[in-house]
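Asker: My questions all concern the structure below.
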Amino acid sequence: MGAFCAATIQKFLTLSKKIKDESVTFFEVFKKEPYLTIWFGDTGQVIIDYVVPISGLAQLRRLDK
């Protein structure tokens with residue numbers, strides 16, 4: 001149950017958008033940028049990096065009921 005919860009929350013938190021990479025000028029290059037990183041910057045990346053503890057807290061909350 002824990003691994004399923006962690007994988008599901010990671011997929012949800014890493015939903016991304018294609019953004020044009022301005023560093024390449026010869027042709028158009030797009031990179032995927034997670035919405036959390038776009039909205040919250042470095043804080044969003046920290047949330048994505050700590051997805052396992054966050055999912056553990058979510059699972060404990062669910063098991064409490």
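In the structure tokens, each chain is lettered A, B, ... as it comes, each chain's residues begin at 1, and ligands are numbered from 1 in order of appearance.
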Could you tell me, as a VMD selection string, which residues of chain A DSSP assigns to helix (DSSP H, G or I) when given the backbone?

Answerer: chain A and resid 2 to 13 35 to 40 42 to 49 51 to 64

Asker: Please return as a PyMOL selection string: the residues of chain A that backbone DSSP assigns to strand (DSSP E).

Answerer: chain A and resi 16-20+30-34

Asker: Can you tell me, as a PyMOL selection string, what residues are no more than 8 Å from A:Asp21 when counting only C-alpha atoms, ignoring any on the same chain fewer than 5 positions away?

Answerer: chain A and resi 28-31

Asker: Write out as a ChimeraX atom specification each polymer residue whose atoms come within 12 Å of A:Ile9, counting only C-alpha atoms; drop sequence neighbours fewer than 2 positions from it.

Answerer: /A:2-7,11-15,47-59

Asker: Quick one: pull the distance between atom CA of A:Pro34 and atom CA of A:Lys17, Å, one decimal.

Answerer: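 A separation of 6.2 Å between them.
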